[in-house]
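First the structure, in the form of structure tokens, and then the observations on it.
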Amino acid sequence: MSKKKILIFDDDTAILEVITIIFEENGYQVEISETSHDILEKVEQYRPDVILMDNWIPKIGGVEATKLLKNHEEFKNIPVIYVTANNDIVALAEEAQADDYVAKPFNLEDLEDKVAKYLQEQV
């Protein structure tokens, strides 16, 4: 069975390192990006099963990047979990058309559970 793929968009390298280690230890294949302006190209190349999206990411930001994805016929069904430190995370995730959200600072178990939930739905 092939590994499930997670694509993470975040400009915080410490968070990227931690999340990558955790998910790789759990048997996932992880790809990271510190910018979001080329989200469609990255998704086209990598074909992730789930995406973790930060709000404050350089170039176009998480809301616009997620909207681009959700308005793309081929990629609109890829689950996007919004991960950000923002008081308005619910409104931002909704505006972006994200499937779910996790507030920073997050509990790693919560993040793992959300990812697992969306990956199980794809089986």
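Here's how to read the names in the structure tokens: chain A, B, ... by the order shown, residue numbers from 1 in each chain, ligand numbers from 1 in the order shown.
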
Polymer residues at most 12 Å from Asp12 of chain A, only C-alpha atoms, same-chain spacing of 4 or more positions, as a PyMOL selection string: chain A and resi 8+16-19+32-35+53-58+83-85+104

Sel. of helix (DSSP H, G or I) residues, chain A, as a PyMOL selection string: chain A and resi 13-25+39-46+61-70+89-96+108-121

Can you spit out the residues from that selection as a short mmCIF file (atom, residue, chain, number, x, y, z; two decimals), in the first residue's frame, using C-alpha atoms?
data_model
loop_
_atom_site.label_atom_id
_atom_site.label_comp_id
_atom_site.auth_asym_id
_atom_site.auth_seq_id
_atom_site.Cartn_x
_atom_site.Cartn_y
_atom_site.Cartn_z
CA THR A 13 10.49 26.34 9.63
CA ALA A 14 10.32 25.11 13.25
CA ILE A 15 6.69 24.07 12.80
CA LEU A 16 7.48 22.48 9.44
CA GLU A 17 10.28 20.42 11.01
CA VAL A 18 8.16 19.19 13.91
CA ILE A 19 5.10 18.34 11.80
CA THR A 20 7.25 16.63 9.16
CA ILE A 21 9.00 14.44 11.75
CA ILE A 22 5.73 13.49 13.46
CA PHE A 23 3.90 12.57 10.27
CA GLU A 24 6.85 10.75 8.70
CA GLU A 25 7.20 8.68 11.91
CA ILE A 39 -0.19 26.01 -4.93
CA LEU A 40 -1.77 24.59 -8.10
CA GLU A 41 1.63 23.60 -9.51
CA LYS A 42 2.69 22.03 -6.20
CA VAL A 43 -0.55 20.06 -5.90
CA GLU A 44 -0.30 18.99 -9.55
CA GLN A 45 3.23 17.63 -9.01
CA TYR A 46 2.77 16.06 -5.57
CA GLY A 61 -1.76 33.97 1.82
CA GLY A 62 -3.66 30.94 2.98
CA VAL A 63 -7.17 32.16 2.20
CA GLU A 64 -6.42 32.96 -1.45
CA ALA A 65 -4.32 29.81 -1.92
CA THR A 66 -7.08 27.61 -0.51
CA LYS A 67 -9.71 29.33 -2.65
CA LEU A 68 -7.61 28.71 -5.76
CA LEU A 69 -7.49 25.04 -4.88
CA LYS A 70 -11.17 24.73 -3.97
CA ILE A 89 -9.73 31.02 12.60
CA VAL A 90 -13.31 29.80 12.16
CA ALA A 91 -14.21 32.73 9.89
CA LEU A 92 -10.92 32.49 7.99
CA ALA A 93 -11.28 28.75 7.43
CA GLU A 94 -14.84 29.31 6.22
CA GLU A 95 -13.84 32.17 3.91
CA ALA A 96 -11.04 30.05 2.47
CA LEU A 108 -0.06 17.41 17.96
CA GLU A 109 -2.58 14.69 18.75
CA ASP A 110 -5.44 16.95 17.62
CA LEU A 111 -3.63 17.63 14.36
CA GLU A 112 -2.87 13.94 13.82
CA ASP A 113 -6.50 13.02 14.55
CA LYS A 114 -7.84 15.57 12.05
CA VAL A 115 -5.48 14.35 9.33
CA ALA A 116 -6.34 10.71 10.05
CA LYS A 117 -10.06 11.53 9.92
CA TYR A 118 -9.82 12.97 6.40
CA LEU A 119 -7.56 10.20 5.16
CA GLN A 120 -9.95 7.52 6.45
CA GLU A 121 -12.82 9.18 4.59
#

All strand (DSSP E) positions in chain A, as a list of chain:residue names: A:Lys5, A:Ile6, A:Leu7, A:Ile8, A:Phe9, A:Gln29, A:Val30, A:Glu31, A:Ile32, A:Ser33, A:Val50, A:Ile51, A:Leu52, A:Met53, A:Val80, A:Ile81, A:Tyr82, A:Val83, A:Thr84, A:Asp100, A:Tyr101, A:Val102, A:Ala103

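Taking atom CA of Gln97 of chain A and atom CA of Val80 of chain A as endpoints, the distance between them is 8.4 Å.
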
Residue with smallest distance to Ile78 of chain A - pool A:Asp11, A:Glu31, A:Asp99, A:Lys3, counting only C-alpha atoms: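 Of all the options, A:Asp99 lies closest to Ile78 of chain A.
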
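Distances here use only C-alpha atoms; by that measure, the residue among A:Ala98, A:Leu7, A:Ala103, A:Ile81 closest to Asp49 of chain A is A:Leu7.
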